[in-house]
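Chemist: Sharing structure.cif below, mmCIF, C-alpha atoms; chains and numbers go by the auth columns:
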data_entry
loop_
_atom_site.group_PDB
_atom_site.id
_atom_site.type_symbol
_atom_site.label_atom_id
_atom_site.label_comp_id
_atom_site.label_asym_id
_atom_site.label_seq_id
_atom_site.Cartn_x
_atom_site.Cartn_y
_atom_site.Cartn_z
_atom_site.B_iso_or_equiv
_atom_site.auth_seq_id
_atom_site.auth_asym_id
ATOM 1 C CA MET A 1 87.698 146.345 57.023 0.00 1 F
ATOM 2 C CA ASP A 2 86.239 148.502 54.281 0.00 2 F
ATOM 3 C CA ALA A 3 83.236 150.782 54.738 0.00 3 F
ATOM 4 C CA HIS A 4 80.912 148.564 52.660 0.00 4 F
ATOM 5 C CA ILE A 5 81.454 145.538 54.917 0.00 5 F
ATOM 6 C CA LYS A 6 81.036 147.604 58.077 0.00 6 F
ATOM 7 C CA ARG A 7 77.861 149.250 56.757 0.00 7 F
ATOM 8 C CA VAL A 8 76.286 145.950 55.670 0.00 8 F
ATOM 9 C CA TYR A 9 77.308 143.715 58.575 0.00 9 F
ATOM 10 C CA VAL A 10 77.602 145.909 61.689 0.00 10 F
ATOM 11 C CA PRO A 11 75.328 145.490 63.558 0.00 11 F
ATOM 12 C CA MET A 12 74.576 141.981 62.319 0.00 12 F
ATOM 13 C CA THR A 13 71.292 140.223 61.804 0.00 13 F
ATOM 14 C CA GLU A 14 70.674 137.156 63.943 0.00 14 F
ATOM 15 C CA THR A 15 71.011 135.021 60.831 0.00 15 F
ATOM 16 C CA GLY A 16 74.395 136.493 59.944 0.00 16 F
ATOM 17 C CA PHE A 17 75.610 136.239 63.513 0.00 17 F
ATOM 18 C CA TYR A 18 74.682 132.577 63.864 0.00 18 F
ATOM 19 C CA ILE A 19 76.159 131.667 60.478 0.00 19 F
ATOM 20 C CA LEU A 20 79.537 133.179 61.350 0.00 20 F
ATOM 21 C CA LEU A 21 79.406 131.748 64.857 0.00 21 F
ATOM 22 C CA CYS A 22 78.753 128.260 63.486 0.00 22 F
ATOM 23 C CA LEU A 23 81.393 128.531 60.761 0.00 23 F
ATOM 24 C CA GLN A 24 84.240 128.873 63.234 0.00 24 F
ATOM 25 C CA THR A 25 84.278 125.139 62.572 0.00 25 F
ATOM 26 C CA PRO A 26 83.730 124.072 58.936 0.00 26 F
ATOM 27 C CA ASN A 27 80.082 123.275 58.280 0.00 27 F
ATOM 28 C CA HIS A 28 77.431 123.187 55.572 0.00 28 F
ATOM 29 C CA GLY A 29 74.084 124.970 55.360 0.00 29 F
ATOM 30 C CA TYR A 30 71.984 122.138 56.765 0.00 30 F
ATOM 31 C CA GLY A 31 74.491 121.633 59.596 0.00 31 F
ATOM 32 C CA ILE A 32 74.250 125.333 60.472 0.00 32 F
ATOM 33 C CA VAL A 33 70.440 125.158 60.512 0.00 33 F
ATOM 34 C CA GLN A 34 70.579 122.175 62.876 0.00 34 F
ATOM 35 C CA LYS A 35 73.214 123.751 65.149 0.00 35 F
ATOM 36 C CA VAL A 36 71.285 127.033 65.460 0.00 36 F
ATOM 37 C CA LYS A 37 68.073 125.166 66.212 0.00 37 F
ATOM 38 C CA GLU A 38 69.913 123.192 68.916 0.00 38 F
ATOM 39 C CA MET A 39 71.684 126.249 70.408 0.00 39 F
ATOM 40 C CA THR A 40 68.428 128.239 70.633 0.00 40 F
ATOM 41 C CA ASN A 41 66.234 125.349 71.807 0.00 41 F
ATOM 42 C CA GLY A 42 64.224 125.655 68.610 0.00 42 F
ATOM 43 C CA ASP A 43 63.492 129.379 69.049 0.00 43 F
ATOM 44 C CA ILE A 44 65.373 130.215 65.849 0.00 44 F
ATOM 45 C CA VAL A 45 64.969 128.038 62.776 0.00 45 F
ATOM 46 C CA LEU A 46 66.777 129.362 59.719 0.00 46 F
ATOM 47 C CA ALA A 47 64.759 128.892 56.536 0.00 47 F
ATOM 48 C CA PRO A 48 66.666 127.358 53.598 0.00 48 F
ATOM 49 C CA GLY A 49 66.174 130.415 51.375 0.00 49 F
ATOM 50 C CA THR A 50 67.483 132.746 54.055 0.00 50 F
ATOM 51 C CA MET A 51 70.380 130.428 54.869 0.00 51 F
ATOM 52 C CA TYR A 52 71.596 129.868 51.320 0.00 52 F
ATOM 53 C CA GLY A 53 71.076 133.491 50.313 0.00 53 F
ATOM 54 C CA SER A 54 73.143 134.604 53.308 0.00 54 F
ATOM 55 C CA LEU A 55 75.883 132.056 52.615 0.00 55 F
ATOM 56 C CA SER A 56 76.118 133.240 49.012 0.00 56 F
ATOM 57 C CA LYS A 57 76.296 136.913 50.002 0.00 57 F
ATOM 58 C CA MET A 58 78.820 136.299 52.776 0.00 58 F
ATOM 59 C CA GLU A 59 81.010 134.275 50.440 0.00 59 F
ATOM 60 C CA LYS A 60 80.875 137.038 47.810 0.00 60 F
ATOM 61 C CA ASP A 61 81.777 139.623 50.480 0.00 61 F
ATOM 62 C CA GLY A 62 84.704 137.529 51.755 0.00 62 F
ATOM 63 C CA LEU A 63 83.375 136.718 55.238 0.00 63 F
ATOM 64 C CA ILE A 64 83.291 132.989 54.550 0.00 64 F
ATOM 65 C CA ARG A 65 84.881 130.742 51.984 0.00 65 F
ATOM 66 C CA PHE A 66 83.981 127.485 50.304 0.00 66 F
ATOM 67 C CA LEU A 67 86.216 124.622 51.446 0.00 67 F
ATOM 68 C CA ARG A 68 85.039 121.545 49.611 0.00 68 F
ATOM 69 C CA GLU A 69 82.018 119.445 48.794 0.00 69 F
ATOM 70 C CA GLU A 70 81.161 116.411 50.900 0.00 70 F
ATOM 71 C CA GLU A 71 78.265 114.145 50.009 0.00 71 F
ATOM 72 C CA LYS A 72 76.789 116.872 47.762 0.00 72 F
ATOM 73 C CA ARG A 73 76.967 119.442 50.570 0.00 73 F
ATOM 74 C CA LYS A 74 79.195 122.507 50.350 0.00 74 F
ATOM 75 C CA LEU A 75 81.394 123.028 53.381 0.00 75 F
ATOM 76 C CA TYR A 76 82.240 126.597 54.340 0.00 76 F
ATOM 77 C CA THR A 77 84.491 128.194 56.932 0.00 77 F
ATOM 78 C CA ILE A 78 84.848 131.682 58.348 0.00 78 F
ATOM 79 C CA THR A 79 87.635 133.889 56.955 0.00 79 F
ATOM 80 C CA GLU A 80 89.858 136.323 58.817 0.00 80 F
ATOM 81 C CA LEU A 81 87.521 139.161 57.747 0.00 81 F
ATOM 82 C CA GLY A 82 84.501 137.182 58.912 0.00 82 F
ATOM 83 C CA GLN A 83 86.138 136.566 62.276 0.00 83 F
ATOM 84 C CA GLU A 84 86.866 140.281 62.589 0.00 84 F
ATOM 85 C CA VAL A 85 83.207 141.121 61.904 0.00 85 F
ATOM 86 C CA LEU A 86 82.059 138.428 64.354 0.00 86 F
ATOM 87 C CA ASN A 87 84.400 139.751 67.054 0.00 87 F
ATOM 88 C CA ILE A 88 83.026 143.287 66.605 0.00 88 F
ATOM 89 C CA GLU A 89 79.485 141.951 66.941 0.00 89 F
ATOM 90 C CA MET A 90 80.293 139.844 70.002 0.00 90 F
ATOM 91 C CA THR A 91 81.854 142.885 71.681 0.00 91 F
ATOM 92 C CA ARG A 92 78.739 144.915 70.830 0.00 92 F
ATOM 93 C CA ILE A 93 76.445 142.236 72.274 0.00 93 F
ATOM 94 C CA GLU A 94 78.559 141.940 75.434 0.00 94 F
ATOM 95 C CA ARG A 95 78.311 145.715 75.906 0.00 95 F
ATOM 96 C CA LEU A 96 74.525 145.604 75.452 0.00 96 F
ATOM 97 C CA TYR A 97 74.247 142.791 77.960 0.00 97 F
ATOM 98 C CA LYS A 98 76.495 144.587 80.478 0.00 98 F
ATOM 99 C CA ASN A 99 74.484 147.802 80.136 0.00 99 F
ATOM 100 C CA MET A 100 71.232 145.921 80.552 0.00 100 F
ATOM 101 C CA LYS A 101 72.461 144.230 83.728 0.00 101 F
ATOM 102 C CA GLU A 102 73.626 147.563 85.152 0.00 102 F
ATOM 103 C CA MET A 103 70.170 149.110 84.624 0.00 103 F
ATOM 104 C CA ARG A 104 68.302 146.397 86.522 0.00 104 F
#
Go ahead and render the structure in this file as structure tokens.
Modeler:
Amino acid sequence: MDAHIKRVYVPMTETGFYILLCLQTPNHGYGIVQKVKEMTNGDIVLAPGTMYGSLSKMEKDGLIRFLREEEKRKLYTITELGQEVLNIEMTRIERLYKNMKEMR
């Protein structure tokens, strides 16, 4: 992983995290918005501008890739680099959670 990717994506924003998490299975922007809303019980609702801007940037940076278009919706999937970034972030979050639990 090059320094640019690490600097931009580690630690991740919630938006970036949820996009990569959801793209472990191919999905489109609207599907990601719906999945995140469902997973967070409506606490996080990704705005279309934020979603599509993030998808574009992540595709340009090689974290996700375009698969195909279905019913005028672009399907994306996570790449090996994207999975590596997601794994780093999940490890970081697990450490934070563990430390928090130990301090209670």
Chemist: Spell out the residues picked by the PyMOL selection byres ((chain F and resi 14) around 12) here, as an MDAnalysis selection string.
Modeler: chainID F and resid 9:13 15:21 36 40 43:46 50:51 54 86 89:90 93
Chemist: Could you jot down the CA of Gly49 in chain F to CA of Thr25 in chain F separation for me, Å, one decimal place?
Modeler: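 Distance between the two atoms: 21.9 Å.
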Chemist: Would you translate the PyMOL selection byres ((chain F and resi 27) around 12) into the concrete set of residues it matches in this file, as number ranges by chain?
Modeler: F: 19-26, 28-36, 55, 64-70, 73-78
Chemist: Can you tell me how far CA of Glu84 in chain F sits from CA of Met100 in chain F, in Å to one decimal?
Modeler: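 Separating CA of Glu84 in chain F from CA of Met100 in chain F is a distance of 24.5 Å.
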Chemist: Using CA of Ile88 in chain F and CA of Ile5 in chain F as the two end points, give the distance in Å to one decimal.
Modeler: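 Answer for the CA of Ile88 in chain F to CA of Ile5 in chain F separation: 12.0 Å.
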Chemist: Starting from the PyMOL selection byres ((chain F and resi 63) around 7), expand the selection into actual residues of this file and give them as a PDB file with C-alpha atoms, in the coordinates of the input.
Modeler:
ATOM      1  CA  MET F  58      78.820 136.299  52.776  1.00  0.00           C
ATOM      2  CA  GLU F  59      81.010 134.275  50.440  1.00  0.00           C
ATOM      3  CA  ASP F  61      81.777 139.623  50.480  1.00  0.00           C
ATOM      4  CA  GLY F  62      84.704 137.529  51.755  1.00  0.00           C
ATOM      5  CA  ILE F  64      83.291 132.989  54.550  1.00  0.00           C
ATOM      6  CA  ARG F  65      84.881 130.742  51.984  1.00  0.00           C
ATOM      7  CA  ILE F  78      84.848 131.682  58.348  1.00  0.00           C
ATOM      8  CA  THR F  79      87.635 133.889  56.955  1.00  0.00           C
ATOM      9  CA  LEU F  81      87.521 139.161  57.747  1.00  0.00           C
ATOM     10  CA  GLY F  82      84.501 137.182  58.912  1.00  0.00           C
TER      11      GLY F  82
END
Chemist: As JSON, what would the box around range 70-87 of chain F look like: edges along x, y and z, 3 Å added on every side, centre and edge lengths in Å to one decimal?
Modeler:
{"center_x": 83.3, "center_y": 127.6, "center_z": 57.4, "size_x": 19.1, "size_y": 33.0, "size_z": 25.3}
Chemist: Between F:Lys72, F:Tyr52, F:Lys98, F:Val85, which has the minimum distance to Met1 in chain F (counting all atoms listed in the file)?
Modeler: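 Closest candidate: F:Val85.
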